[in-house]
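This is coords16.cif. It holds mmCIF, C-alpha atoms.
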data_structure
#
loop_
_atom_site.label_atom_id
_atom_site.label_comp_id
_atom_site.auth_asym_id
_atom_site.auth_seq_id
_atom_site.Cartn_x
_atom_site.Cartn_y
_atom_site.Cartn_z
CA MET J 1 -26.63 -17.95 -9.72
CA THR J 2 -29.10 -19.80 -7.51
CA VAL J 3 -30.52 -17.52 -4.84
CA ALA J 4 -33.54 -17.38 -2.58
CA PRO J 5 -36.37 -14.98 -3.39
CA SER J 6 -35.96 -11.43 -2.14
CA ARG J 7 -37.05 -10.79 1.45
CA SER J 8 -37.40 -7.05 0.88
CA LEU J 9 -40.87 -5.66 1.33
CA ARG J 10 -39.99 -2.52 -0.62
CA SER J 11 -39.13 -2.03 -4.27
CA SER J 12 -35.84 -0.61 -5.56
CA ALA J 13 -37.47 2.76 -6.17
CA GLU J 14 -38.98 2.82 -2.67
CA LEU J 15 -35.67 1.91 -1.05
CA ILE J 16 -33.81 4.59 -3.00
CA ARG J 17 -36.39 7.19 -1.96
CA ALA J 18 -36.15 6.01 1.66
CA GLU J 19 -32.41 6.70 1.72
CA GLU J 20 -32.77 10.33 0.63
CA PRO J 21 -33.82 11.94 3.95
CA VAL J 22 -31.70 9.76 6.27
CA LEU J 23 -28.37 9.16 4.51
CA ALA J 24 -25.65 11.76 4.00
CA HIS J 25 -25.38 12.60 0.30
CA ASN J 26 -21.68 11.80 -0.06
CA TYR J 27 -22.29 9.29 -2.86
CA HIS J 28 -24.23 9.34 -6.11
CA PRO J 29 -24.79 5.63 -6.76
CA LEU J 30 -26.38 4.13 -9.82
CA PRO J 31 -30.10 3.46 -9.27
CA VAL J 32 -29.75 -0.27 -8.60
CA VAL J 33 -30.49 -1.87 -5.21
CA VAL J 34 -28.48 -5.06 -4.78
CA ALA J 35 -29.96 -7.72 -2.52
CA ARG J 36 -27.94 -10.85 -3.27
CA ALA J 37 -24.75 -11.81 -5.07
CA GLU J 38 -22.58 -14.75 -6.04
CA GLY J 39 -19.41 -14.87 -8.09
CA ALA J 40 -19.45 -12.17 -10.75
CA TRP J 41 -23.23 -11.67 -10.55
CA VAL J 42 -25.51 -9.57 -8.37
CA GLU J 43 -29.30 -9.47 -8.17
CA ASP J 44 -31.57 -6.61 -7.18
CA VAL J 45 -34.67 -6.78 -4.98
CA GLU J 46 -36.89 -7.42 -8.00
CA GLY J 47 -34.73 -10.35 -9.10
CA ARG J 48 -32.98 -8.62 -12.04
CA ARG J 49 -29.43 -9.95 -12.58
CA TYR J 50 -26.37 -7.84 -13.35
CA LEU J 51 -22.79 -8.72 -14.26
CA ASP J 52 -20.55 -6.88 -11.79
CA MET J 53 -17.73 -5.25 -13.75
CA LEU J 54 -16.60 -3.03 -10.85
CA ALA J 55 -16.03 -5.59 -8.05
CA GLY J 56 -16.19 -3.01 -5.29
CA TYR J 57 -13.25 -1.04 -6.74
CA SER J 58 -11.18 -4.25 -6.40
CA ALA J 59 -12.48 -5.14 -2.92
CA LEU J 60 -14.19 -8.13 -4.56
CA ASN J 61 -11.23 -9.47 -6.54
CA PHE J 62 -12.35 -13.01 -5.69
CA GLY J 63 -15.98 -12.38 -6.53
CA HIS J 64 -18.99 -12.19 -4.28
CA ARG J 65 -19.13 -14.76 -1.49
CA HIS J 66 -16.14 -16.85 -2.58
CA PRO J 67 -16.72 -20.26 -0.91
CA ALA J 68 -13.28 -20.49 0.70
CA LEU J 69 -13.58 -16.98 2.17
CA ILE J 70 -17.14 -17.48 3.39
CA GLU J 71 -16.09 -20.74 5.02
CA ALA J 72 -13.17 -19.06 6.77
CA ALA J 73 -15.46 -16.30 8.06
CA HIS J 74 -18.14 -18.73 9.27
CA ARG J 75 -15.56 -20.90 11.01
CA GLN J 76 -14.08 -17.91 12.82
CA LEU J 77 -17.50 -16.47 13.74
CA ASP J 78 -18.11 -19.64 15.72
CA GLN J 79 -14.88 -19.16 17.69
CA LEU J 80 -13.83 -15.55 18.31
CA THR J 81 -14.40 -12.22 16.56
CA LEU J 82 -12.68 -9.50 18.60
CA THR J 83 -10.27 -9.10 21.49
CA SER J 84 -8.77 -5.66 20.70
CA ARG J 85 -4.97 -5.53 20.65
CA ALA J 86 -4.97 -5.42 24.45
CA PHE J 87 -4.58 -9.20 24.16
CA HIS J 88 -3.09 -11.56 21.61
CA ASN J 89 -5.32 -13.72 19.45
CA ASP J 90 -4.61 -17.08 17.85
CA ARG J 91 -5.12 -15.95 14.22
CA LEU J 92 -2.95 -12.86 13.92
CA ALA J 93 0.50 -14.46 13.74
CA GLN J 94 -0.45 -16.66 10.78
CA PHE J 95 -1.96 -13.70 8.94
CA ALA J 96 1.11 -11.52 9.44
CA GLU J 97 3.56 -14.31 8.56
CA SER J 98 1.77 -15.26 5.36
CA LEU J 99 1.20 -11.67 4.20
CA ALA J 100 4.83 -10.71 4.79
CA GLU J 101 5.97 -13.76 2.82
CA LEU J 102 3.53 -13.06 -0.02
CA THR J 103 4.84 -9.50 -0.46
CA GLY J 104 8.51 -10.27 0.13
CA LEU J 105 8.70 -7.91 3.10
CA ASP J 106 9.26 -8.38 6.84
CA MET J 107 6.60 -6.94 9.12
CA VAL J 108 2.89 -6.12 9.07
CA LEU J 109 0.89 -3.33 10.70
CA PRO J 110 -2.75 -4.46 10.48
CA MET J 111 -5.48 -1.85 10.13
CA ASN J 112 -9.03 -1.79 8.74
CA THR J 113 -9.66 0.60 5.86
CA GLY J 114 -7.40 1.69 3.03
CA ALA J 115 -7.32 5.27 4.28
CA GLU J 116 -6.15 4.01 7.68
CA ALA J 117 -3.28 2.17 5.99
CA VAL J 118 -2.26 5.38 4.20
CA GLU J 119 -2.51 7.46 7.39
CA SER J 120 -0.47 4.83 9.21
CA ALA J 121 2.24 4.88 6.53
CA ILE J 122 2.46 8.66 6.75
CA LYS J 123 2.99 8.47 10.51
CA VAL J 124 5.58 5.70 10.19
CA ALA J 125 7.48 7.58 7.46
CA ARG J 126 7.64 10.73 9.54
CA LYS J 127 8.77 8.83 12.64
CA TRP J 128 11.42 7.06 10.58
CA ALA J 129 12.61 10.38 9.15
CA TYR J 130 13.16 11.85 12.62
CA GLU J 131 14.63 8.80 14.33
CA VAL J 132 16.63 7.19 11.52
CA LYS J 133 17.30 9.78 8.83
CA GLY J 134 17.81 12.64 11.25
CA VAL J 135 15.35 15.17 9.82
CA ALA J 136 14.79 18.14 12.13
CA PRO J 137 11.66 17.91 14.32
CA ASP J 138 8.40 18.69 12.51
CA GLN J 139 10.19 19.33 9.20
CA ALA J 140 9.63 15.98 7.43
CA THR J 141 8.04 16.13 3.99
CA ILE J 142 6.41 13.46 1.86
CA ILE J 143 6.28 13.68 -1.94
CA VAL J 144 3.09 12.60 -3.71
CA ALA J 145 1.83 12.62 -7.30
CA ALA J 146 -0.76 14.88 -8.87
CA ASP J 147 -4.14 13.25 -9.58
CA ASN J 148 -3.55 10.80 -6.74
CA PHE J 149 -6.26 9.06 -4.78
CA HIS J 150 -5.27 7.67 -1.39
CA GLY J 151 -8.49 8.22 0.56
CA ARG J 152 -10.62 11.03 1.94
CA THR J 153 -9.42 11.76 5.45
CA THR J 154 -8.44 15.33 6.28
CA THR J 155 -4.71 14.63 5.99
CA ILE J 156 -5.07 12.70 2.75
CA VAL J 157 -7.21 15.31 0.99
CA SER J 158 -4.59 17.85 2.06
CA PHE J 159 -2.39 16.52 -0.76
CA SER J 160 -5.14 15.74 -3.27
CA THR J 161 -5.33 17.76 -6.48
CA ASP J 162 -9.06 16.99 -6.87
CA GLU J 163 -10.97 20.09 -5.81
CA THR J 164 -14.12 18.05 -5.22
CA ALA J 165 -12.25 16.20 -2.48
CA ARG J 166 -10.69 19.37 -1.04
CA ALA J 167 -13.15 22.24 -1.33
CA GLY J 168 -14.59 23.24 2.02
CA PHE J 169 -12.45 20.91 4.13
CA GLY J 170 -9.47 23.11 5.06
CA PRO J 171 -7.31 24.03 6.84
CA PHE J 172 -5.08 21.35 5.42
CA THR J 173 -2.24 19.32 6.89
CA PRO J 174 1.21 20.61 5.85
CA GLY J 175 4.24 18.53 4.96
CA PHE J 176 3.47 17.34 1.43
CA ARG J 177 4.91 18.20 -1.99
CA VAL J 178 2.98 17.39 -5.15
CA VAL J 179 4.79 16.55 -8.40
CA PRO J 180 3.45 15.36 -11.76
CA TYR J 181 2.86 11.62 -12.01
CA ASN J 182 5.21 9.68 -14.29
CA ASP J 183 7.84 12.44 -14.20
CA LEU J 184 11.13 11.30 -12.71
CA ALA J 185 12.87 14.63 -13.31
CA ALA J 186 10.21 16.50 -11.32
CA LEU J 187 10.44 13.92 -8.56
CA GLU J 188 14.21 14.19 -8.33
CA ALA J 189 14.00 17.98 -8.18
CA ALA J 190 11.53 17.80 -5.29
CA ILE J 191 13.61 15.52 -3.06
CA ASP J 192 15.78 17.20 -0.44
CA GLU J 193 17.16 16.54 3.04
CA THR J 194 13.65 16.81 4.58
CA THR J 195 12.10 14.12 2.37
CA ALA J 196 10.86 11.20 4.42
CA ALA J 197 9.16 9.26 1.63
CA VAL J 198 7.69 9.19 -1.85
CA LEU J 199 4.09 7.93 -1.78
CA ILE J 200 2.60 6.88 -5.12
CA GLU J 201 0.13 4.49 -6.68
CA PRO J 202 1.89 2.14 -9.12
CA ILE J 203 -1.22 2.63 -11.27
CA GLN J 204 -3.55 5.55 -10.56
CA GLY J 205 -7.00 4.00 -10.26
CA GLU J 206 -9.37 6.87 -9.50
CA ALA J 207 -7.63 9.02 -12.12
CA GLY J 208 -8.80 6.55 -14.77
CA VAL J 209 -6.38 3.60 -14.52
CA VAL J 210 -3.36 5.69 -15.50
CA ILE J 211 -0.34 3.46 -16.14
CA PRO J 212 3.14 5.04 -15.96
CA ASP J 213 5.83 4.54 -18.57
CA ASP J 214 8.00 1.45 -18.37
CA GLY J 215 10.90 2.23 -16.08
CA TYR J 216 9.09 4.82 -13.96
CA LEU J 217 8.69 2.59 -10.91
CA ARG J 218 12.29 1.39 -11.20
CA GLY J 219 13.32 5.03 -11.41
CA VAL J 220 11.35 5.89 -8.27
CA ARG J 221 12.99 2.98 -6.46
CA GLU J 222 16.47 4.06 -7.56
CA LEU J 223 15.90 7.73 -6.67
CA THR J 224 14.56 6.96 -3.21
CA ARG J 225 17.38 4.52 -2.49
CA ARG J 226 20.04 6.95 -3.71
CA THR J 227 18.66 9.95 -1.80
CA GLY J 228 17.91 8.07 1.41
CA CYS J 229 14.14 8.27 1.62
CA LEU J 230 11.38 5.65 1.63
CA PHE J 231 9.36 4.39 -1.31
CA ILE J 232 5.74 3.75 -0.31
CA ALA J 233 3.58 1.96 -2.90
CA ASP J 234 -0.17 2.32 -2.43
CA GLU J 235 -1.40 -1.02 -3.82
CA ILE J 236 -4.83 -0.80 -2.20
CA GLN J 237 -6.57 -0.98 -5.60
CA SER J 238 -3.79 -2.31 -7.81
CA GLY J 239 -2.58 -5.11 -5.56
CA LEU J 240 -3.55 -8.70 -4.79
CA GLY J 241 -3.83 -10.04 -8.32
CA ARG J 242 -5.68 -7.24 -10.12
CA THR J 243 -2.96 -6.50 -12.70
CA GLY J 244 -1.86 -10.07 -13.36
CA ARG J 245 0.79 -10.05 -10.64
CA THR J 246 0.41 -10.20 -6.87
CA LEU J 247 1.51 -6.55 -6.73
CA ALA J 248 1.61 -4.05 -9.58
CA VAL J 249 5.21 -3.10 -8.71
CA GLU J 250 6.22 -6.63 -9.69
CA HIS J 251 5.78 -5.69 -13.35
CA GLU J 252 9.07 -3.80 -12.92
CA ASP J 253 10.63 -6.15 -10.34
CA VAL J 254 10.53 -3.42 -7.72
CA VAL J 255 10.36 -3.96 -3.94
CA PRO J 256 9.26 -0.79 -2.11
CA ASP J 257 10.09 -0.06 1.53
CA MET J 258 6.38 -0.04 2.39
CA VAL J 259 3.41 -1.55 0.57
CA LEU J 260 -0.13 -0.51 1.45
CA LEU J 261 -2.89 -3.09 1.02
CA GLY J 262 -6.63 -3.08 1.60
CA LYS J 263 -9.86 -3.71 -0.31
CA ALA J 264 -9.33 -7.28 -1.65
CA LEU J 265 -7.43 -8.21 1.52
CA GLY J 266 -10.80 -8.49 3.27
CA GLY J 267 -12.26 -10.70 0.57
CA GLY J 268 -15.34 -8.50 0.24
CA ILE J 269 -16.43 -9.70 3.69
CA VAL J 270 -14.76 -7.47 6.27
CA PRO J 271 -12.61 -4.33 6.00
CA VAL J 272 -8.95 -5.35 6.28
CA SER J 273 -5.90 -3.24 5.43
CA ALA J 274 -2.22 -3.40 6.22
CA VAL J 275 1.09 -1.63 5.99
CA VAL J 276 3.68 -4.24 5.03
CA ALA J 277 7.25 -3.00 5.33
CA ARG J 278 10.90 -3.60 6.04
CA ARG J 279 11.59 -4.51 9.64
CA ASP J 280 13.81 -1.49 10.30
CA VAL J 281 11.03 0.83 9.10
CA LEU J 282 8.10 -0.55 11.11
CA GLN J 283 10.24 -1.02 14.21
CA VAL J 284 10.17 2.75 14.80
CA LEU J 285 6.69 2.25 16.29
CA ARG J 286 6.52 1.57 20.02
CA PRO J 287 3.58 0.61 22.24
CA GLY J 288 1.05 3.40 22.57
CA GLU J 289 2.23 5.40 19.54
CA HIS J 290 -0.26 3.97 17.06
CA GLY J 291 -3.10 1.48 17.09
CA SER J 292 -6.62 0.40 16.24
CA THR J 293 -9.18 -1.46 18.35
CA PHE J 294 -10.30 -3.52 15.36
CA GLY J 295 -6.99 -3.73 13.49
CA GLY J 296 -5.82 -7.34 13.38
CA ASN J 297 -9.00 -8.71 14.93
CA PRO J 298 -9.44 -12.51 14.71
CA LEU J 299 -12.21 -12.38 12.11
CA SER J 300 -10.22 -10.09 9.83
CA ALA J 301 -7.07 -12.15 10.33
CA ALA J 302 -8.91 -15.37 9.44
CA VAL J 303 -10.38 -13.90 6.26
CA GLY J 304 -7.11 -12.18 5.35
CA SER J 305 -5.23 -15.45 5.77
CA ALA J 306 -7.71 -17.18 3.47
CA VAL J 307 -7.19 -14.43 0.87
CA VAL J 308 -3.43 -14.96 1.03
CA GLU J 309 -3.95 -18.71 0.58
CA LEU J 310 -5.91 -18.06 -2.62
CA LEU J 311 -3.14 -15.83 -3.95
CA GLU J 312 -0.39 -18.27 -3.01
CA THR J 313 -1.70 -20.65 -5.71
CA GLY J 314 -1.03 -18.07 -8.44
CA GLU J 315 -4.34 -18.97 -10.07
CA TYR J 316 -5.90 -15.55 -9.76
CA GLN J 317 -2.84 -13.71 -11.00
CA ARG J 318 -2.77 -15.99 -14.06
CA ARG J 319 -6.48 -15.47 -14.68
CA ALA J 320 -6.08 -11.70 -14.55
CA ALA J 321 -3.18 -11.84 -17.00
CA GLU J 322 -4.91 -14.22 -19.42
CA LEU J 323 -8.33 -12.60 -19.33
CA GLY J 324 -6.64 -9.22 -19.51
CA ILE J 325 -5.69 -10.15 -23.07
CA VAL J 326 -9.39 -10.70 -23.82
CA LEU J 327 -10.26 -7.37 -22.23
CA ARG J 328 -7.63 -5.47 -24.21
CA GLY J 329 -8.70 -7.15 -27.44
CA GLY J 330 -12.34 -6.27 -26.91
CA LEU J 331 -11.55 -2.65 -26.09
CA THR J 332 -9.13 -2.31 -29.01
CA ALA J 333 -11.95 -3.34 -31.35
CA LEU J 334 -14.10 -0.50 -29.96
CA VAL J 335 -11.54 2.28 -30.47
CA GLY J 336 -13.02 4.66 -33.02
CA LYS J 337 -16.46 3.18 -32.43
CA GLY J 338 -17.38 5.21 -29.38
CA VAL J 339 -14.15 4.57 -27.46
CA GLN J 340 -11.52 7.27 -27.86
CA GLY J 341 -8.84 5.33 -26.02
CA PHE J 342 -8.18 3.13 -23.03
CA ARG J 343 -5.52 2.05 -20.56
CA ALA J 344 -5.46 -1.50 -19.26
CA ARG J 345 -3.33 -3.86 -17.24
CA GLY J 346 -4.60 -7.27 -16.24
CA LEU J 347 -8.31 -7.15 -15.49
CA TRP J 348 -8.35 -3.38 -14.97
CA ALA J 349 -9.13 -0.72 -17.52
CA GLY J 350 -9.98 2.94 -17.81
CA VAL J 351 -12.04 3.54 -20.95
CA ASP J 352 -12.42 7.02 -22.44
CA ILE J 353 -15.82 7.39 -24.09
CA ASP J 354 -16.45 9.82 -26.95
CA PRO J 355 -18.19 12.75 -25.19
CA ALA J 356 -20.48 13.08 -28.21
CA ILE J 357 -22.01 9.74 -27.22
CA GLY J 358 -22.39 10.54 -23.54
CA THR J 359 -20.70 11.09 -20.22
CA GLY J 360 -19.27 8.27 -18.20
CA ARG J 361 -22.38 8.44 -16.03
CA ASP J 362 -24.63 8.15 -19.11
CA ILE J 363 -22.78 5.07 -20.34
CA SER J 364 -22.85 3.52 -16.86
CA GLU J 365 -26.62 3.95 -16.67
CA ARG J 366 -27.12 2.53 -20.16
CA LEU J 367 -24.97 -0.48 -19.28
CA MET J 368 -26.96 -0.95 -16.09
CA ARG J 369 -30.10 -1.24 -18.18
CA GLU J 370 -28.29 -3.93 -20.21
CA GLY J 371 -27.47 -5.84 -17.03
CA VAL J 372 -23.83 -4.75 -16.63
CA LEU J 373 -22.53 -2.65 -13.73
CA VAL J 374 -19.58 -0.26 -14.15
CA LYS J 375 -18.76 3.14 -12.69
CA ASP J 376 -17.67 6.42 -14.19
CA THR J 377 -14.84 8.73 -13.21
CA HIS J 378 -13.69 12.12 -14.46
CA GLY J 379 -16.26 13.02 -17.10
CA SER J 380 -16.41 10.52 -19.93
CA THR J 381 -14.21 7.77 -18.48
CA ILE J 382 -15.55 4.48 -17.14
CA ARG J 383 -13.63 1.94 -15.10
CA LEU J 384 -13.74 -1.80 -15.66
CA ALA J 385 -12.49 -4.03 -12.83
CA PRO J 386 -14.40 -7.32 -12.85
CA PRO J 387 -13.82 -10.05 -10.27
CA LEU J 388 -10.80 -12.18 -11.11
CA THR J 389 -13.20 -15.14 -11.06
CA ILE J 390 -15.09 -13.90 -14.13
CA THR J 391 -15.17 -16.31 -17.07
CA GLY J 392 -14.10 -15.48 -20.60
CA GLU J 393 -17.70 -15.83 -21.73
CA GLU J 394 -18.94 -13.42 -19.07
CA LEU J 395 -16.24 -10.92 -19.97
CA ARG J 396 -17.17 -11.09 -23.65
CA THR J 397 -20.82 -10.58 -22.68
CA ALA J 398 -19.89 -7.36 -20.89
CA LEU J 399 -17.81 -6.15 -23.83
CA GLY J 400 -20.71 -6.95 -26.16
CA SER J 401 -23.03 -4.88 -23.99
CA LEU J 402 -20.58 -1.98 -24.09
CA GLU J 403 -20.45 -2.19 -27.87
CA LYS J 404 -24.25 -2.18 -27.98
CA VAL J 405 -24.72 0.92 -25.85
CA LEU J 406 -22.00 2.76 -27.75
CA THR J 407 -23.58 1.88 -31.08
CA GLU J 408 -27.03 2.92 -29.92
CA GLY J 409 -25.66 6.18 -28.56
CA ALA J 410 -23.79 7.10 -31.73
#
What is this structure when it is put down as structure tokens?
Amino acid sequence: MTVAPSRSLRSSAELIRAEEPVLAHNYHPLPVVVARAEGAWVEDVEGRRYLDMLAGYSALNFGHRHPALIEAAHRQLDQLTLTSRAFHNDRLAQFAESLAELTGLDMVLPMNTGAEAVESAIKVARKWAYEVKGVAPDQATIIVAADNFHGRTTTIVSFSTDETARAGFGPFTPGFRVVPYNDLAALEAAIDETTAAVLIEPIQGEAGVVIPDDGYLRGVRELTRRTGCLFIADEIQSGLGRTGRTLAVEHEDVVPDMVLLGKALGGGIVPVSAVVARRDVLQVLRPGEHGSTFGGNPLSAAVGSAVVELLETGEYQRRAAELGIVLRGGLTALVGKGVQGFRARGLWAGVDIDPAIGTGRDISERLMREGVLVKDTHGSTIRLAPPLTITGEELRTALGSLEKVLTEGA
């Protein structure tokens, strides 16, 4: 990576201390202060380089500052950035057309953040239940899975099973039923005449990259179709190439009624999210019933269109599938040598570390000192989600660093 010298007048330690009194303490980041980045590499203010094996929780699927995405953003910045949806703009139609075609669905509701996409889907599902399915007013329910992560708004944490996300934030929004993940019998038992939708992650990311049994997603699709409710797939982390397919549901040849996208859709440049759905589902929305000043803005649409163009080539899906074999092989070799087990699909893995060696946070900090950035979740689990642009050599370097810190910690 060729970068200019740091312009910061303060060291990493000074900048971290400066945040303490002025930033809300809703995160506990690793003690690294990133100043520049390119591809799979970032650099701190002192010029130390790190291999990014987290990629912004999949927001950076195409790496830092991908040339095609930066070019699209620069080009649009010179033309038009925002109109609000009070007016049309010349970039939105292309974005919606290409995204609908990429996902095999009909219509797009553009938003900004992943949580906004989830909130939007909840509203659409309820409206659909009342107007199309005929559920009694204010009685619609949505079924979700335990250990889910769909965001941190008040409504979304209302159906979280993570007490850290919930404690102190009630009263909670009613209308949700929680069933065990990967349990079709429990799901079937929970569905009744009030069920508007089933909302699940095809792979649970925050829970530690939990992959359901083969046939689970097909079973969800069949149950929802047979019982007359919607299947909403939250692909905000799992989608857009991460698992070796454009969408994770494609591993089971499933087409949901609604797909939720975000993170990588903005190319790591701007926040872009979307609800992509069947026409008859999204058409329940009428002017004034839902919206966003920034949703579908020209800058976001330009970057989002460039992201879709990258995915249309199939290159990044192939890379994730091929390098995923390297990732699985490297992790398999570490089982019993500090790794108790792992779950992986494409370039995405949840790795369970032997607690005797350290917590997930401990391992993340040790890897940081080796020049590799990962993040922990749920005790002794770490997540690996490198940019899809990473090379085989870089991936093996990261796996070698993991082996080193596990060996030293044993």
Subject >> Close residues, stretch 116-122 of chain J itself excluded, 7 Å, all atoms listed in the file, min 2 positions apart in chain, as a PyMOL selection string >> reply: chain J and resi 111-114+124-126+150+260+273-275
Original post:
Which of these residues is nearest to J:Asp376, using only C-alpha atoms: J:Glu206, J:Asp147, J:Asp253, J:Asp213?
Top reply: J:Glu206
**OP:** Apply the PyMOL selection byres ((chain J and resi 321) around 12) to the structure shown and report the selected residues as a PyMOL selection string.
**Re:** chain J and resi 241-246+248+251+314-320+322-328+344-348+388
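Note on the selection: in this file the PyMOL selection byres ((chain J and resi 278) around 6) comes out as Leu105, Asp106, Asp257, Ala277, Arg279, Asp280 and Val281 of chain J.
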Original post:
Which polymer residues have any atom within 8 Å of an atom of J:Val372, counting all atoms listed in the file, with same-chain residues fewer than 4 positions away left out, as a ChimeraX atom specification?
Top reply: /J:50-53,367-368,398,401
Expected file: the selected residues, C-alpha atoms, as a short mmCIF file (atom, residue, chain, number, x, y, z; two decimals), in the coordinates of the input:
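File written: part17.cif
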data_model
loop_
_atom_site.label_atom_id
_atom_site.label_comp_id
_atom_site.auth_asym_id
_atom_site.auth_seq_id
_atom_site.Cartn_x
_atom_site.Cartn_y
_atom_site.Cartn_z
CA TYR J 50 -26.37 -7.84 -13.35
CA LEU J 51 -22.79 -8.72 -14.26
CA ASP J 52 -20.55 -6.88 -11.79
CA MET J 53 -17.73 -5.25 -13.75
CA LEU J 367 -24.97 -0.48 -19.28
CA MET J 368 -26.96 -0.95 -16.09
CA ALA J 398 -19.89 -7.36 -20.89
CA SER J 401 -23.03 -4.88 -23.99
#
Original post:
For this file, the PyMOL selection byres ((chain J and resi 69) around 10) selects which residues, as a list of chain:residue names?
Top reply: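 After applying the PyMOL selection byres ((chain J and resi 69) around 10), what remains is J:Phe62, J:His64, J:Arg65, J:His66, J:Pro67, J:Ala68, J:Ile70, J:Glu71, J:Ala72, J:Ala73, J:His74, J:Arg75, J:Gly266, J:Gly267, J:Gly268, J:Ile269, J:Ala302, J:Val303, J:Gly304, J:Ser305, J:Ala306, J:Val307, J:Glu309, J:Leu310.
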Original post:
Which is closer to J:Glu365 than all the others in J:Ala13, J:Ile353, J:Ala196, J:Val32, using all atoms listed in the file?
Top reply: J:Val32
Original post:
Which value, in Å to one decimal, gives the distance between atom CA of J:Leu92 and atom CA of J:Gly104?
Top reply: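 The value is 18.1 Å.
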**OP:** To one decimal in Å, tell me the separation between atom CA of J:His28 and atom CA of J:Asp44.
**Re:**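 Atom-to-atom, atom CA of J:His28 to atom CA of J:Asp44, that is 17.6 Å.
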**OP:** For atom CA of J:Val276 and atom CA of J:Ala186, determine how far apart the two atoms are, in Å to one decimal place.
**Re:**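 Value for the atom CA of J:Val276-atom CA of J:Ala186 distance: 27.2 Å.
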Show which residues sit within 7 Å of stretch 221-238 of chain J, as a CSV table (one decimal) with C-alpha atoms, in the coordinates of the input. Count all atoms listed in the file, and ignore same-chain residues fewer than 2 positions away.
chain,number,residue,atom,x,y,z
J,57,TYR,CA,-13.2,-1.0,-6.7
J,58,SER,CA,-11.2,-4.2,-6.4
J,114,GLY,CA,-7.4,1.7,3.0
J,188,GLU,CA,14.2,14.2,-8.3
J,195,THR,CA,12.1,14.1,2.4
J,196,ALA,CA,10.9,11.2,4.4
J,197,ALA,CA,9.2,9.3,1.6
J,198,VAL,CA,7.7,9.2,-1.8
J,199,LEU,CA,4.1,7.9,-1.8
J,200,ILE,CA,2.6,6.9,-5.1
J,201,GLU,CA,0.1,4.5,-6.7
J,202,PRO,CA,1.9,2.1,-9.1
J,203,ILE,CA,-1.2,2.6,-11.3
J,205,GLY,CA,-7.0,4.0,-10.3
J,217,LEU,CA,8.7,2.6,-10.9
J,218,ARG,CA,12.3,1.4,-11.2
J,219,GLY,CA,13.3,5.0,-11.4
J,242,ARG,CA,-5.7,-7.2,-10.1
J,243,THR,CA,-3.0,-6.5,-12.7
J,247,LEU,CA,1.5,-6.6,-6.7
J,248,ALA,CA,1.6,-4.0,-9.6
J,254,VAL,CA,10.5,-3.4,-7.7
J,256,PRO,CA,9.3,-0.8,-2.1
J,257,ASP,CA,10.1,-0.1,1.5
J,258,MET,CA,6.4,0.0,2.4
J,259,VAL,CA,3.4,-1.6,0.6
J,260,LEU,CA,-0.1,-0.5,1.4
J,261,LEU,CA,-2.9,-3.1,1.0
J,262,GLY,CA,-6.6,-3.1,1.6
J,263,LYS,CA,-9.9,-3.7,-0.3
Quick one: 3 Å padding each side, axis-aligned, all listed atoms of stretch 284-291 of chain J - centre and edge lengths in Å to one decimal, as lines of an AutoDock Vina configuration file?
center_x = 3.5
center_y = 3.0
center_z = 18.7
size_x = 19.3
size_y = 10.8
size_z = 13.8
Can you complete the atoms of stretch 194-203 of chain J to N, CA and C atoms and list them as a PDB file, in the frame of the given file?
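This is the output file out.pdb:
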ATOM      1  N   THR J 194      14.823  16.982   3.718  1.00  0.00           N
ATOM      2  CA  THR J 194      13.650  16.810   4.580  1.00  0.00           C
ATOM      3  C   THR J 194      12.738  15.666   4.112  1.00  0.00           C
ATOM      4  N   THR J 195      13.020  15.092   2.951  1.00  0.00           N
ATOM      5  CA  THR J 195      12.100  14.120   2.370  1.00  0.00           C
ATOM      6  C   THR J 195      12.132  12.804   3.144  1.00  0.00           C
ATOM      7  N   ALA J 196      10.998  12.464   3.705  1.00  0.00           N
ATOM      8  CA  ALA J 196      10.860  11.200   4.420  1.00  0.00           C
ATOM      9  C   ALA J 196      10.530  10.070   3.465  1.00  0.00           C
ATOM     10  N   ALA J 197       9.652  10.342   2.492  1.00  0.00           N
ATOM     11  CA  ALA J 197       9.160   9.260   1.630  1.00  0.00           C
ATOM     12  C   ALA J 197       8.557   9.821   0.361  1.00  0.00           C
ATOM     13  N   VAL J 198       8.461   8.943  -0.637  1.00  0.00           N
ATOM     14  CA  VAL J 198       7.690   9.190  -1.850  1.00  0.00           C
ATOM     15  C   VAL J 198       6.521   8.204  -1.819  1.00  0.00           C
ATOM     16  N   LEU J 199       5.318   8.733  -1.857  1.00  0.00           N
ATOM     17  CA  LEU J 199       4.090   7.930  -1.780  1.00  0.00           C
ATOM     18  C   LEU J 199       3.370   8.002  -3.114  1.00  0.00           C
ATOM     19  N   ILE J 200       3.287   6.875  -3.822  1.00  0.00           N
ATOM     20  CA  ILE J 200       2.600   6.880  -5.120  1.00  0.00           C
ATOM     21  C   ILE J 200       1.789   5.598  -5.299  1.00  0.00           C
ATOM     22  N   GLU J 201       0.835   5.673  -6.199  1.00  0.00           N
ATOM     23  CA  GLU J 201       0.130   4.490  -6.680  1.00  0.00           C
ATOM     24  C   GLU J 201       0.884   3.962  -7.903  1.00  0.00           C
ATOM     25  N   PRO J 202       1.233   2.682  -7.934  1.00  0.00           N
ATOM     26  CA  PRO J 202       1.890   2.140  -9.120  1.00  0.00           C
ATOM     27  C   PRO J 202       1.043   2.303 -10.384  1.00  0.00           C
ATOM     28  N   ILE J 203      -0.264   2.287 -10.218  1.00  0.00           N
ATOM     29  CA  ILE J 203      -1.220   2.630 -11.270  1.00  0.00           C
ATOM     30  C   ILE J 203      -2.282   3.500 -10.598  1.00  0.00           C
TER      31      ILE J 203
END
